[in-house]
Amino acid sequence: MPVSDNVRKRMTQGSWIRRMFEEGANLKNRYGEENVFDLSLGNPVMEPPPEFHQELKKLMKKPRPGMHRYMENAGYADTRAAVAVQLSHETGIKFCGNDIIMTCGAAGALNVVLKAILNPGDEVIVFAPYFMEFGNYIDNHGGVIRVLPTDNKFIPKLDALKAAITDKTKAVIINSPNNPTGVVYNQVFVRRLGELLRIKESQYQKQLYLISDEAYRKIIYDGLPYPPVFHHHRNSIVVSSHAKDLALPGERIGYIAIHPDCSHHDELMDGFVFCNRVLGFVNAPAMMQHLIKNLQHVTVSIADYQKKRDLLYNNLVKMGYSVVKPQGAFYMFPKSPLKDDVAFVDELRKWNVLVVPGQGFGTPGYFRISYCVEDKTLKGSLAGFEKAAKKFKLR
């Protein structure tokens, strides 16, 4: 067999997100794009902010000599310094360029981190619902995923975490604002999480890394604050991306940020730089590093995303769906009217509405909606949701 047993198994399990996206392409070919309401993929239709195009024009008018060549594997020093300045401003903690590594998106960043820290059999804890690629990334580097529950508001259960941490545990991954729920973990939760990790570090006499996936950190609604994990656990590592806050998912530009006081800081940084190279990323895209250097304070319109959230949430609640109101990102995770979430997703597909079943995120009985789409797509989907609500007597 040309493909390994492990890869074949994971291919068979597949990604529900991609599966629904491909189904959407088939339906669009059959019925016309305007008649299909694809809410399956977190692929923002929003264009990058004007400042991005201004920076691009500047670079094209006055290209730098050597701007497309290799650079240090960690990335351009001035770009890393710019990220550090922004993080210092956001957190009140003094970061410098030597705390930052530029990467090929948050996915590349997470693979670099896991490659660097995991020994075969080390356990990494995640909380369901979670972005399912986490499991693949952990497996990529010989780790073992431990999936723990969340409460009815999708907040991780710290008592379950306390019981689950053993001498095999190497890291805990959190994702806030969360994909697929849109939930933002508040400061009280993050503080308690940090306290628990420190107690367990003392118990097992080892470092426990808190890896925070912050790809959606700047997309938060209703003026809610974002509590930096760095304040609550010094062995914290942030992986982030400009895919969402600058609407650049196809450009694959992100970074790793490590707490300046992290244990064995310099050895970890050396390991991350090495893994950035040997995983084949080599370095983050050169042009994107030049462009995002002056855009660290810029985001797409959060107000526009909040309007989309409110439109969808208000209508679904009115129809009778049970939904935890998202506080960030651009996803919603309603409860399925059917116990079998795949069956319900199939029902919605009859009205050309495409969503992703909750089991694709480790949480059957729910479904994910991605609302980073055109308003006409969002509004067009409401008729299908309404028909499904009436069929299953939600009101």
# chains A, B, ... in the order shown; residues from 1 in each chain; ligands from 1

$ closest_atom_pairs --of "segment 189-225 of chain A" --to "segment 241-251 of chain A" --cutoff "7 Å" --atoms "only C-alpha atoms" --output "tab-separated table"
residue	atom	partner	partner_atom	distance
A:Ala215	CA	A:Ser241	CA	5.0
A:Tyr216	CA	A:Lys244	CA	6.4
A:Lys218	CA	A:Asp245	CA	6.1
A:Ile219	CA	A:Asp245	CA	6.6

$ write_last_selection --atoms "C-alpha atoms" --output "PDB file, in the first residue's frame"
ATOM      1  CA  ALA A 215      -6.047  33.246  15.444  1.00  0.00           C
ATOM      2  CA  TYR A 216      -9.271  35.137  16.276  1.00  0.00           C
ATOM      3  CA  LYS A 218      -8.783  40.603  17.518  1.00  0.00           C
ATOM      4  CA  ILE A 219     -12.300  39.611  16.440  1.00  0.00           C
TER       5      ILE A 219
END

$ closest_atom_pairs --of "segment 105-143 of chain A" --to "segment 353-374 of chain A" --cutoff "6 Å" --atoms "only C-alpha atoms" --output "tab-separated table"
residue	atom	partner	partner_atom	distance
A:Ala128	CA	A:Gly362	CA	5.7
A:Pro129	CA	A:Phe361	CA	5.1
A:Tyr130	CA	A:Phe361	CA	5.2
A:Phe131	CA	A:Phe361	CA	5.8
A:Met132	CA	A:Phe361	CA	5.5

$ closest_residue --among "A:Cys262, A:Cys275, A:Ile165, A:Val7" --to "Val112 of chain A" --atoms "only C-alpha atoms"
A:Cys275

$ closest_atom_pairs --of "segment 160-228 of chain A" --to "segment 331-346 of chain A" --cutoff "9 Å" --atoms "only C-alpha atoms" --output "JSON lines"
{"residue": "A:Asn178", "atom": "CA", "partner": "A:Tyr331", "partner_atom": "CA", "distance": 8.3}
{"residue": "A:Asn179", "atom": "CA", "partner": "A:Tyr331", "partner_atom": "CA", "distance": 6.6}
{"residue": "A:Pro180", "atom": "CA", "partner": "A:Tyr331", "partner_atom": "CA", "distance": 5.6}
{"residue": "A:Thr181", "atom": "CA", "partner": "A:Phe333", "partner_atom": "CA", "distance": 5.0}
{"residue": "A:Gly182", "atom": "CA", "partner": "A:Tyr331", "partner_atom": "CA", "distance": 5.4}

$ write_last_selection --atoms "N, CA and C atoms" --output "PDB file, in the first residue's frame"
ATOM      1  N   ASN A 178     -13.165  31.008  20.318  1.00  0.00           N
ATOM      2  CA  ASN A 178     -13.123  29.597  19.977  1.00  0.00           C
ATOM      3  C   ASN A 178     -13.736  29.296  18.613  1.00  0.00           C
ATOM      4  N   ASN A 179     -13.092  28.396  17.919  1.00  0.00           N
ATOM      5  CA  ASN A 179     -13.653  27.754  16.735  1.00  0.00           C
ATOM      6  C   ASN A 179     -13.983  26.323  17.159  1.00  0.00           C
ATOM      7  N   PRO A 180     -15.274  25.951  17.283  1.00  0.00           N
ATOM      8  CA  PRO A 180     -16.417  26.440  16.512  1.00  0.00           C
ATOM      9  C   PRO A 180     -17.453  27.278  17.262  1.00  0.00           C
ATOM     10  N   THR A 181     -17.248  27.600  18.558  1.00  0.00           N
ATOM     11  CA  THR A 181     -18.357  28.157  19.343  1.00  0.00           C
ATOM     12  C   THR A 181     -18.426  29.674  19.358  1.00  0.00           C
ATOM     13  N   GLY A 182     -17.304  30.345  19.104  1.00  0.00           N
ATOM     14  CA  GLY A 182     -17.264  31.794  19.243  1.00  0.00           C
ATOM     15  C   GLY A 182     -17.146  32.270  20.677  1.00  0.00           C
TER      16      GLY A 182
END

$ closest_atom_pairs --of "segment 135-225 of chain A" --to "segment 310-327 of chain A" --cutoff "9 Å" --atoms "only C-alpha atoms" --output "tab-separated table"
residue	atom	partner	partner_atom	distance
A:Asn152	CA	A:Val324	CA	8.6
A:Lys153	CA	A:Val324	CA	6.5
A:Phe154	CA	A:Val324	CA	8.4
A:Pro177	CA	A:Gln327	CA	7.3
A:Asn178	CA	A:Pro326	CA	8.9
A:Thr181	CA	A:Pro326	CA	6.4
A:Gly182	CA	A:Pro326	CA	4.3
A:Val183	CA	A:Gln327	CA	5.4
A:Val184	CA	A:Gln327	CA	5.9
A:Ile219	CA	A:Gln327	CA	8.7
A:Ile220	CA	A:Gln327	CA	6.0
A:Tyr221	CA	A:Gln327	CA	5.4
A:Asp222	CA	A:Gln327	CA	7.5
A:Leu224	CA	A:Gln327	CA	7.8

$ select_by_dssp --residues "segment 228-301 of chain A" --states "alpha helix (DSSP H)" --output "NGL selection string"
:A and (265-278 or 286-292)

$ write_last_selection --atoms "C-alpha atoms" --output "CSV table (one decimal), in the first residue's frame"
chain,number,residue,atom,x,y,z
A,265,HIS,CA,13.3,30.3,27.0
A,266,ASP,CA,16.4,30.4,24.8
A,267,GLU,CA,16.5,26.6,24.3
A,268,LEU,CA,12.8,26.6,23.3
A,269,MET,CA,13.4,29.5,20.8
A,270,ASP,CA,16.3,27.6,19.3
A,271,GLY,CA,14.1,24.5,19.0
A,272,PHE,CA,11.3,26.5,17.3
A,273,VAL,CA,13.7,28.1,14.8
A,274,PHE,CA,15.2,24.7,14.0
A,275,CYS,CA,11.7,23.1,13.6
A,276,ASN,CA,10.5,25.9,11.4
A,277,ARG,CA,13.3,24.9,9.0
A,278,VAL,CA,13.2,21.1,9.2
A,286,ALA,CA,9.0,37.2,2.8
A,287,MET,CA,6.6,39.7,1.2
A,288,MET,CA,3.9,39.1,3.8
A,289,GLN,CA,6.5,39.8,6.5
A,290,HIS,CA,7.3,43.1,4.9
A,291,LEU,CA,3.6,44.0,4.6
A,292,ILE,CA,2.3,43.1,8.0

$ residues_around --residues "Gly121 of chain A" --least-positions-apart "2" --cutoff "9 Å" --atoms "only C-alpha atoms" --output "MDAnalysis selection string"
chainID A and resid 118:119 123 142:144 168

$ write_last_selection --atoms "C-alpha atoms" --output "PDB file, in the first residue's frame"
ATOM      1  CA  LEU A 118       6.876  16.535  22.170  1.00  0.00           C
ATOM      2  CA  ASN A 119       8.543  13.229  22.868  1.00  0.00           C
ATOM      3  CA  GLU A 123      -0.012  13.862  26.005  1.00  0.00           C
ATOM      4  CA  GLY A 142       4.251  11.530  18.082  1.00  0.00           C
ATOM      5  CA  GLY A 143       1.964  12.998  20.704  1.00  0.00           C
ATOM      6  CA  VAL A 144      -1.298  11.646  22.113  1.00  0.00           C
ATOM      7  CA  LYS A 168       2.655  12.196  30.699  1.00  0.00           C
TER       8      LYS A 168
END

$ residues_around --residues "Thr166 of chain A" --least-positions-apart "5" --cutoff "10 Å" --atoms "only C-alpha atoms" --output "NGL selection string"
:A and (123 or 161 or 200 or 203-204)

$ closest_residue --among "A:Phe330, A:Gly92, A:Lys387, A:Val239" --to "Asn43 of chain A" --atoms "only C-alpha atoms"
A:Phe330

$ atom_distance --atom1 "atom CA of Gln207 of chain A" --atom2 "atom CA of Tyr76 of chain A"
29.4 Å

$ closest_residue --among "A:His232, A:Leu210, A:Asn294, A:Pro149" --to "Phe189 of chain A" --atoms "only C-alpha atoms"
A:His232

$ select_by_dssp --residues "segment 163-361 of chain A" --states "strand (DSSP E or B)" --output "PyMOL selection string"
chain A and resi 169-175+209-213+220+236-241+254-258+328+331-332+335+353-354+356-357

$ write_last_selection --atoms "C-alpha atoms" --output "PDB file, in the first residue's frame"
ATOM      1  CA  THR A 169       1.044  15.595  30.101  1.00  0.00           C
ATOM      2  CA  LYS A 170       3.216  18.028  28.153  1.00  0.00           C
ATOM      3  CA  ALA A 171       0.825  20.793  27.134  1.00  0.00           C
ATOM      4  CA  VAL A 172      -2.715  22.123  27.232  1.00  0.00           C
ATOM      5  CA  ILE A 173      -4.129  23.805  24.117  1.00  0.00           C
ATOM      6  CA  ILE A 174      -6.851  26.427  24.410  1.00  0.00           C
ATOM      7  CA  ASN A 175      -8.502  28.363  21.591  1.00  0.00           C
ATOM      8  CA  TYR A 209       3.024  24.452  28.524  1.00  0.00           C
ATOM      9  CA  LEU A 210      -0.135  26.437  27.939  1.00  0.00           C
ATOM     10  CA  ILE A 211      -0.467  26.795  24.165  1.00  0.00           C
ATOM     11  CA  SER A 212      -3.003  29.453  23.241  1.00  0.00           C
ATOM     12  CA  ASP A 213      -4.333  29.444  19.676  1.00  0.00           C
ATOM     13  CA  ILE A 220     -14.242  40.180  19.659  1.00  0.00           C
ATOM     14  CA  SER A 236       2.759  30.162  27.890  1.00  0.00           C
ATOM     15  CA  ILE A 237       3.168  30.017  24.130  1.00  0.00           C
ATOM     16  CA  VAL A 238       0.838  31.874  21.780  1.00  0.00           C
ATOM     17  CA  VAL A 239       0.311  30.840  18.164  1.00  0.00           C
ATOM     18  CA  SER A 240      -1.455  33.392  16.022  1.00  0.00           C
ATOM     19  CA  SER A 241      -2.231  34.346  12.454  1.00  0.00           C
ATOM     20  CA  GLY A 254       1.453  34.119  11.465  1.00  0.00           C
ATOM     21  CA  TYR A 255       3.787  33.890  14.417  1.00  0.00           C
ATOM     22  CA  ILE A 256       4.786  32.187  17.650  1.00  0.00           C
ATOM     23  CA  ALA A 257       5.163  34.336  20.764  1.00  0.00           C
ATOM     24  CA  ILE A 258       6.746  32.904  23.888  1.00  0.00           C
ATOM     25  CA  GLY A 328     -15.880  36.526  19.048  1.00  0.00           C
ATOM     26  CA  TYR A 331     -18.780  30.935  14.080  1.00  0.00           C
ATOM     27  CA  MET A 332     -21.962  29.818  15.785  1.00  0.00           C
ATOM     28  CA  LYS A 335     -27.743  22.606  19.277  1.00  0.00           C
ATOM     29  CA  VAL A 353     -27.980  25.219   3.351  1.00  0.00           C
ATOM     30  CA  LEU A 354     -24.551  23.815   4.184  1.00  0.00           C
ATOM     31  CA  VAL A 356     -20.797  21.280   9.520  1.00  0.00           C
ATOM     32  CA  PRO A 357     -21.954  18.595  11.984  1.00  0.00           C
TER      33      PRO A 357
END

$ residues_around --residues "Arg69 of chain A" --least-positions-apart "2" --cutoff "12 Å" --atoms "only C-alpha atoms" --output "list in words"
Arg64, Pro65, Gly66, Met67, Met71, Glu72, Asn73, Gly75, Tyr76, Val282, Asn283, Ala284, Pro285, Ala286 and Met287 of chain A

$ write_last_selection --atoms "C-alpha atoms" --output "PDB file, in the first residue's frame"
ATOM      1  CA  ARG A  64      13.686  46.597  -1.433  1.00  0.00           C
ATOM      2  CA  PRO A  65      16.787  44.981  -2.903  1.00  0.00           C
ATOM      3  CA  GLY A  66      16.807  41.327  -1.855  1.00  0.00           C
ATOM      4  CA  MET A  67      13.245  41.442  -0.527  1.00  0.00           C
ATOM      5  CA  MET A  71      16.195  35.528   5.729  1.00  0.00           C
ATOM      6  CA  GLU A  72      16.847  34.159   9.219  1.00  0.00           C
ATOM      7  CA  ASN A  73      14.587  31.164   9.788  1.00  0.00           C
ATOM      8  CA  GLY A  75      11.908  35.843  10.240  1.00  0.00           C
ATOM      9  CA  TYR A  76      12.913  39.431   9.574  1.00  0.00           C
ATOM     10  CA  VAL A 282      12.059  27.290   6.181  1.00  0.00           C
ATOM     11  CA  ASN A 283      10.665  30.749   6.886  1.00  0.00           C
ATOM     12  CA  ALA A 284       7.398  32.641   6.702  1.00  0.00           C
ATOM     13  CA  PRO A 285       6.620  34.278   3.307  1.00  0.00           C
ATOM     14  CA  ALA A 286       9.000  37.199   2.814  1.00  0.00           C
ATOM     15  CA  MET A 287       6.596  39.655   1.170  1.00  0.00           C
TER      16      MET A 287
END

$ residues_around --residues "Lys94 of chain A" --least-positions-apart "5" --cutoff "8 Å" --atoms "only C-alpha atoms" --output "list in words"
Ala84, Ser88 and Pro260 of chain A

$ closest_residue --among "A:Leu59, A:Lys350, A:Glu201, A:Asp261" --to "Tyr31 of chain A" --atoms "only C-alpha atoms"
A:Lys350
